[in-house]
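**Q** File entry10.cif below, mmCIF, N, CA and C atoms:
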data_start
#
loop_
_atom_site.label_atom_id
_atom_site.label_comp_id
_atom_site.auth_asym_id
_atom_site.auth_seq_id
_atom_site.Cartn_x
_atom_site.Cartn_y
_atom_site.Cartn_z
N MET A 1 22.89 1.99 11.64
CA MET A 1 21.74 1.97 10.76
C MET A 1 20.45 1.80 11.55
N ARG A 2 20.51 1.00 12.59
CA ARG A 2 19.32 0.77 13.40
C ARG A 2 18.90 2.05 14.12
N PHE A 3 19.89 2.84 14.55
CA PHE A 3 19.62 4.09 15.23
C PHE A 3 18.94 5.08 14.27
N ILE A 4 19.39 5.13 13.04
CA ILE A 4 18.79 6.02 12.04
C ILE A 4 17.35 5.61 11.78
N ARG A 5 17.09 4.32 11.69
CA ARG A 5 15.73 3.82 11.48
C ARG A 5 14.84 4.21 12.65
N LEU A 6 15.35 4.10 13.87
CA LEU A 6 14.59 4.46 15.06
C LEU A 6 14.26 5.95 15.06
N ILE A 7 15.22 6.78 14.68
CA ILE A 7 14.98 8.22 14.59
C ILE A 7 13.92 8.51 13.53
N PHE A 8 14.00 7.85 12.39
CA PHE A 8 13.02 8.06 11.33
C PHE A 8 11.62 7.67 11.78
N VAL A 9 11.48 6.54 12.45
CA VAL A 9 10.17 6.09 12.93
C VAL A 9 9.63 7.06 13.97
N ALA A 10 10.47 7.55 14.85
CA ALA A 10 10.03 8.52 15.86
C ALA A 10 9.59 9.82 15.19
N PHE A 11 10.33 10.29 14.21
CA PHE A 11 9.96 11.50 13.48
C PHE A 11 8.64 11.31 12.74
N LEU A 12 8.48 10.16 12.10
CA LEU A 12 7.24 9.87 11.40
C LEU A 12 6.06 9.84 12.36
N ALA A 13 6.24 9.25 13.53
CA ALA A 13 5.17 9.21 14.53
C ALA A 13 4.80 10.62 14.98
N LEU A 14 5.79 11.48 15.18
CA LEU A 14 5.51 12.86 15.57
C LEU A 14 4.73 13.60 14.48
N VAL A 15 5.11 13.38 13.24
CA VAL A 15 4.41 14.03 12.13
C VAL A 15 2.97 13.54 12.05
N LEU A 16 2.76 12.25 12.20
CA LEU A 16 1.41 11.70 12.15
C LEU A 16 0.54 12.22 13.29
N VAL A 17 1.11 12.31 14.48
CA VAL A 17 0.36 12.85 15.62
C VAL A 17 0.03 14.32 15.37
N ALA A 18 0.98 15.08 14.81
CA ALA A 18 0.73 16.49 14.53
C ALA A 18 -0.38 16.65 13.49
N VAL A 19 -0.37 15.82 12.45
CA VAL A 19 -1.42 15.87 11.43
C VAL A 19 -2.77 15.52 12.06
N ALA A 20 -2.79 14.51 12.90
CA ALA A 20 -4.04 14.11 13.54
C ALA A 20 -4.58 15.22 14.45
N LEU A 21 -3.71 15.87 15.19
CA LEU A 21 -4.17 16.93 16.08
C LEU A 21 -4.63 18.17 15.31
N ALA A 22 -4.02 18.43 14.17
CA ALA A 22 -4.38 19.60 13.38
C ALA A 22 -5.66 19.38 12.58
N ASN A 23 -6.08 18.14 12.39
CA ASN A 23 -7.24 17.83 11.54
C ASN A 23 -8.26 16.99 12.29
N ARG A 24 -8.72 17.49 13.43
CA ARG A 24 -9.68 16.75 14.24
C ARG A 24 -11.12 17.04 13.87
N GLN A 25 -11.36 17.96 12.95
CA GLN A 25 -12.73 18.31 12.58
C GLN A 25 -13.44 17.09 12.00
N VAL A 26 -14.72 17.00 12.26
CA VAL A 26 -15.52 15.89 11.74
C VAL A 26 -16.03 16.28 10.35
N VAL A 27 -15.84 15.37 9.40
CA VAL A 27 -16.34 15.58 8.04
C VAL A 27 -17.30 14.45 7.71
N THR A 28 -18.19 14.72 6.77
CA THR A 28 -19.16 13.71 6.35
C THR A 28 -18.75 13.17 5.00
N LEU A 29 -18.56 11.86 4.92
CA LEU A 29 -18.24 11.20 3.67
C LEU A 29 -19.49 10.53 3.13
N SER A 30 -19.81 10.80 1.87
CA SER A 30 -20.98 10.20 1.24
C SER A 30 -20.53 9.29 0.12
N LEU A 31 -21.17 8.14 0.03
CA LEU A 31 -20.83 7.19 -1.03
C LEU A 31 -21.40 7.63 -2.37
N PHE A 32 -22.59 8.23 -2.34
CA PHE A 32 -23.26 8.68 -3.57
C PHE A 32 -23.56 10.16 -3.47
N PRO A 33 -23.77 10.84 -4.60
CA PRO A 33 -24.27 12.22 -4.53
C PRO A 33 -25.61 12.25 -3.81
N ALA A 34 -25.98 13.40 -3.29
CA ALA A 34 -27.17 13.52 -2.42
C ALA A 34 -28.43 12.97 -3.07
N ASN A 35 -28.71 13.33 -4.31
CA ASN A 35 -29.96 12.90 -4.94
C ASN A 35 -29.97 11.39 -5.21
N LEU A 36 -28.86 10.84 -5.61
CA LEU A 36 -28.81 9.40 -5.89
C LEU A 36 -28.97 8.58 -4.61
N GLY A 37 -28.39 9.04 -3.53
CA GLY A 37 -28.52 8.34 -2.25
C GLY A 37 -29.95 8.27 -1.77
N GLN A 38 -30.75 9.30 -2.06
CA GLN A 38 -32.15 9.29 -1.64
C GLN A 38 -32.95 8.24 -2.40
N PHE A 39 -32.63 8.05 -3.67
CA PHE A 39 -33.35 7.05 -4.46
C PHE A 39 -33.02 5.62 -4.01
N LEU A 40 -31.81 5.41 -3.55
CA LEU A 40 -31.41 4.07 -3.12
C LEU A 40 -31.90 3.76 -1.70
N GLY A 41 -32.29 4.75 -0.98
CA GLY A 41 -32.78 4.54 0.38
C GLY A 41 -31.65 4.46 1.38
N GLY A 42 -31.91 4.89 2.56
CA GLY A 42 -30.91 4.81 3.61
C GLY A 42 -29.94 5.97 3.55
N THR A 43 -29.11 6.05 4.58
CA THR A 43 -28.08 7.09 4.59
C THR A 43 -26.76 6.45 4.18
N TRP A 44 -26.27 6.87 3.06
CA TRP A 44 -25.03 6.33 2.53
C TRP A 44 -23.88 7.27 2.87
N SER A 45 -23.84 7.72 4.11
CA SER A 45 -22.78 8.64 4.53
C SER A 45 -22.35 8.28 5.96
N VAL A 46 -21.16 8.74 6.29
CA VAL A 46 -20.63 8.50 7.62
C VAL A 46 -19.84 9.74 8.03
N ALA A 47 -19.87 10.08 9.31
CA ALA A 47 -19.12 11.21 9.84
C ALA A 47 -17.87 10.69 10.54
N VAL A 48 -16.71 11.13 10.07
CA VAL A 48 -15.43 10.69 10.63
C VAL A 48 -14.49 11.90 10.75
N PRO A 49 -13.48 11.81 11.61
CA PRO A 49 -12.50 12.89 11.70
C PRO A 49 -11.69 12.99 10.40
N LEU A 50 -11.29 14.20 10.07
CA LEU A 50 -10.57 14.43 8.82
C LEU A 50 -9.24 13.68 8.78
N PHE A 51 -8.52 13.60 9.91
CA PHE A 51 -7.25 12.90 9.89
C PHE A 51 -7.42 11.42 9.53
N LEU A 52 -8.54 10.84 9.90
CA LEU A 52 -8.80 9.44 9.54
C LEU A 52 -8.96 9.29 8.04
N VAL A 53 -9.64 10.24 7.43
CA VAL A 53 -9.79 10.23 5.97
C VAL A 53 -8.42 10.34 5.30
N ILE A 54 -7.58 11.21 5.81
CA ILE A 54 -6.24 11.40 5.25
C ILE A 54 -5.42 10.12 5.38
N PHE A 55 -5.41 9.52 6.57
CA PHE A 55 -4.61 8.32 6.80
C PHE A 55 -5.10 7.14 5.97
N VAL A 56 -6.41 6.97 5.89
CA VAL A 56 -6.96 5.85 5.11
C VAL A 56 -6.67 6.05 3.63
N ALA A 57 -6.80 7.28 3.14
CA ALA A 57 -6.49 7.55 1.73
C ALA A 57 -5.02 7.27 1.44
N PHE A 58 -4.14 7.65 2.34
CA PHE A 58 -2.71 7.38 2.18
C PHE A 58 -2.44 5.88 2.18
N ALA A 59 -3.05 5.16 3.09
CA ALA A 59 -2.85 3.70 3.18
C ALA A 59 -3.37 3.00 1.93
N LEU A 60 -4.54 3.42 1.44
CA LEU A 60 -5.08 2.80 0.22
C LEU A 60 -4.21 3.10 -0.99
N GLY A 61 -3.65 4.30 -1.05
CA GLY A 61 -2.73 4.64 -2.12
C GLY A 61 -1.47 3.80 -2.09
N MET A 62 -0.94 3.58 -0.90
CA MET A 62 0.24 2.73 -0.75
C MET A 62 -0.08 1.29 -1.15
N LEU A 63 -1.24 0.80 -0.75
CA LEU A 63 -1.65 -0.56 -1.10
C LEU A 63 -1.83 -0.70 -2.61
N ALA A 64 -2.45 0.29 -3.23
CA ALA A 64 -2.63 0.24 -4.69
C ALA A 64 -1.28 0.24 -5.40
N GLY A 65 -0.34 1.04 -4.93
CA GLY A 65 1.00 1.06 -5.52
C GLY A 65 1.72 -0.26 -5.34
N LEU A 66 1.57 -0.86 -4.18
CA LEU A 66 2.20 -2.15 -3.91
C LEU A 66 1.67 -3.22 -4.85
N ILE A 67 0.35 -3.28 -5.00
CA ILE A 67 -0.26 -4.27 -5.88
C ILE A 67 0.14 -4.02 -7.32
N TRP A 68 0.15 -2.75 -7.74
CA TRP A 68 0.54 -2.40 -9.10
C TRP A 68 1.96 -2.87 -9.40
N GLU A 69 2.90 -2.60 -8.52
CA GLU A 69 4.30 -3.00 -8.73
C GLU A 69 4.44 -4.52 -8.69
N TRP A 70 3.72 -5.19 -7.81
CA TRP A 70 3.79 -6.65 -7.74
C TRP A 70 3.34 -7.26 -9.06
N MET A 71 2.26 -6.73 -9.62
CA MET A 71 1.76 -7.24 -10.90
C MET A 71 2.74 -6.90 -12.03
N ARG A 72 3.32 -5.70 -12.01
CA ARG A 72 4.25 -5.28 -13.05
C ARG A 72 5.52 -6.13 -13.04
N GLU A 73 5.96 -6.53 -11.87
CA GLU A 73 7.20 -7.28 -11.75
C GLU A 73 7.00 -8.78 -11.88
N SER A 74 5.80 -9.26 -12.17
CA SER A 74 5.57 -10.70 -12.29
C SER A 74 6.38 -11.30 -13.42
N LYS A 75 6.56 -10.58 -14.52
CA LYS A 75 7.38 -11.08 -15.62
C LYS A 75 8.83 -11.26 -15.20
N ILE A 76 9.33 -10.33 -14.41
CA ILE A 76 10.72 -10.40 -13.95
C ILE A 76 10.89 -11.60 -13.03
N ARG A 77 9.94 -11.82 -12.13
CA ARG A 77 10.03 -12.97 -11.23
C ARG A 77 9.95 -14.28 -11.99
N LYS A 78 9.11 -14.34 -13.02
CA LYS A 78 8.98 -15.55 -13.83
C LYS A 78 10.29 -15.85 -14.54
N THR A 79 10.90 -14.82 -15.12
CA THR A 79 12.18 -15.00 -15.81
C THR A 79 13.26 -15.44 -14.83
N ALA A 80 13.27 -14.88 -13.64
CA ALA A 80 14.27 -15.26 -12.63
C ALA A 80 14.10 -16.72 -12.22
N ARG A 81 12.85 -17.17 -12.05
CA ARG A 81 12.62 -18.58 -11.71
C ARG A 81 13.11 -19.50 -12.82
N GLN A 82 12.81 -19.14 -14.07
CA GLN A 82 13.24 -19.97 -15.19
C GLN A 82 14.76 -20.05 -15.26
N ARG A 83 15.42 -18.93 -15.09
CA ARG A 83 16.89 -18.91 -15.15
C ARG A 83 17.48 -19.66 -13.97
N SER A 84 16.85 -19.59 -12.82
CA SER A 84 17.34 -20.32 -11.66
C SER A 84 17.25 -21.82 -11.90
N ARG A 85 16.15 -22.27 -12.48
CA ARG A 85 16.03 -23.69 -12.81
C ARG A 85 17.08 -24.12 -13.83
N LYS A 86 17.33 -23.27 -14.81
CA LYS A 86 18.33 -23.58 -15.85
C LYS A 86 19.72 -23.67 -15.23
N VAL A 87 20.04 -22.75 -14.33
CA VAL A 87 21.35 -22.77 -13.66
C VAL A 87 21.48 -24.04 -12.83
N GLU A 88 20.43 -24.41 -12.12
CA GLU A 88 20.46 -25.63 -11.30
C GLU A 88 20.66 -26.86 -12.18
N GLN A 89 19.99 -26.88 -13.31
CA GLN A 89 20.12 -28.00 -14.25
C GLN A 89 21.54 -28.08 -14.79
N LEU A 90 22.11 -26.95 -15.16
CA LEU A 90 23.48 -26.95 -15.70
C LEU A 90 24.50 -27.34 -14.62
N GLU A 91 24.28 -26.89 -13.37
CA GLU A 91 25.18 -27.28 -12.29
C GLU A 91 25.13 -28.78 -12.04
N ASN A 92 23.95 -29.38 -12.15
CA ASN A 92 23.83 -30.83 -11.99
C ASN A 92 24.56 -31.57 -13.10
N GLU A 93 24.46 -31.05 -14.33
CA GLU A 93 25.17 -31.68 -15.45
C GLU A 93 26.67 -31.59 -15.27
N VAL A 94 27.15 -30.45 -14.78
CA VAL A 94 28.60 -30.29 -14.56
C VAL A 94 29.05 -31.20 -13.43
N GLY A 95 28.24 -31.36 -12.41
CA GLY A 95 28.58 -32.21 -11.27
C GLY A 95 28.65 -33.69 -11.65
N GLN A 96 27.89 -34.10 -12.65
CA GLN A 96 27.89 -35.51 -13.05
C GLN A 96 29.06 -35.75 -13.94
#
How would this structure read if it were set down as structure tokens?
**A**
Amino acid sequence: MRFIRLIFVAFLALVLVAVALANRQVVTLSLFPANLGQFLGGTWSVAVPLFLVIFVAFALGMLAGLIWEWMRESKIRKTARQRSRKVEQLENEVGQ
């Protein structure tokens, strides 16, 4: 199993390097549309390589999914804690 995991990580690293090499062009990211940014003053944009945009978007999507599932499963964890306490209480009663 460890060997399979190592192969998967190596394959993933190769894919990420290939994506990074294929998308080295610099793109400009703007926080606001052009006209709105002028009213607020300053430059609300940054120039970054495209692969960085792709990787950051992927990471933020994974983080959002993780938080969403953690919040969704809070009821299940609460029920499990309550049942665990009940089982512990019943085991103590049986032991006495």
**Q** Tell me, in Å to one decimal, how far atom C of Val46 (chain A) is from CA of Asn23 (chain A).
**A**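 Going from atom C of Val46 (chain A) over to CA of Asn23 (chain A), I get 15.4 Å.
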**Q** So what does the PyMOL selection byres ((chain A and resi 49) around 7) actually pick up in this one, as a PyMOL selection string?
**A** chain A and resi 23-27+47-48+50-54
**Q** Report as a PyMOL selection string the full result of the PyMOL selection byres (((chain A and resi 45 and name CA) around 9) and name CA) when it is applied to this structure.
**A** chain A and resi 28-32+37+43-44+46-47
**Q** Which parts of chain A does DSSP call helix (DSSP H, G or I) when run on the backbone here, written out as number ranges by chain?
**A** A: 2-22, 34-40, 50-72, 74-95
**Q** Build an axis-aligned box that encloses every atom of region 9-25 of chain A listed in the file, pad it by 8 Å on each side, and report its centre and edge lengths in Å to one decimal, as lines of an AutoDock Vina configuration file.
**A**
center_x = -1.0
center_y = 12.8
center_z = 13.7
size_x = 40.9
size_y = 29.5
size_z = 20.7
**Q** What does the distance between atom C of Gly95 (chain A) and atom C of Thr79 (chain A) come to in Å, to one decimal place?
**A**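 Calculated distance between atom C of Gly95 (chain A) and atom C of Thr79 (chain A) is 24.1 Å.
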**Q** Grab the atom N of Ile67 (chain A) to atom N of Lys86 (chain A) distance for me, in Å with one decimal place.
**A**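 Those two atoms sit 28.0 Å apart.
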**Q** Please identify which residues in chain A DSSP calls strand (DSSP E) from the backbone, and express them as a PyMOL selection string.
**A** chain A and resi 26-30+45-49
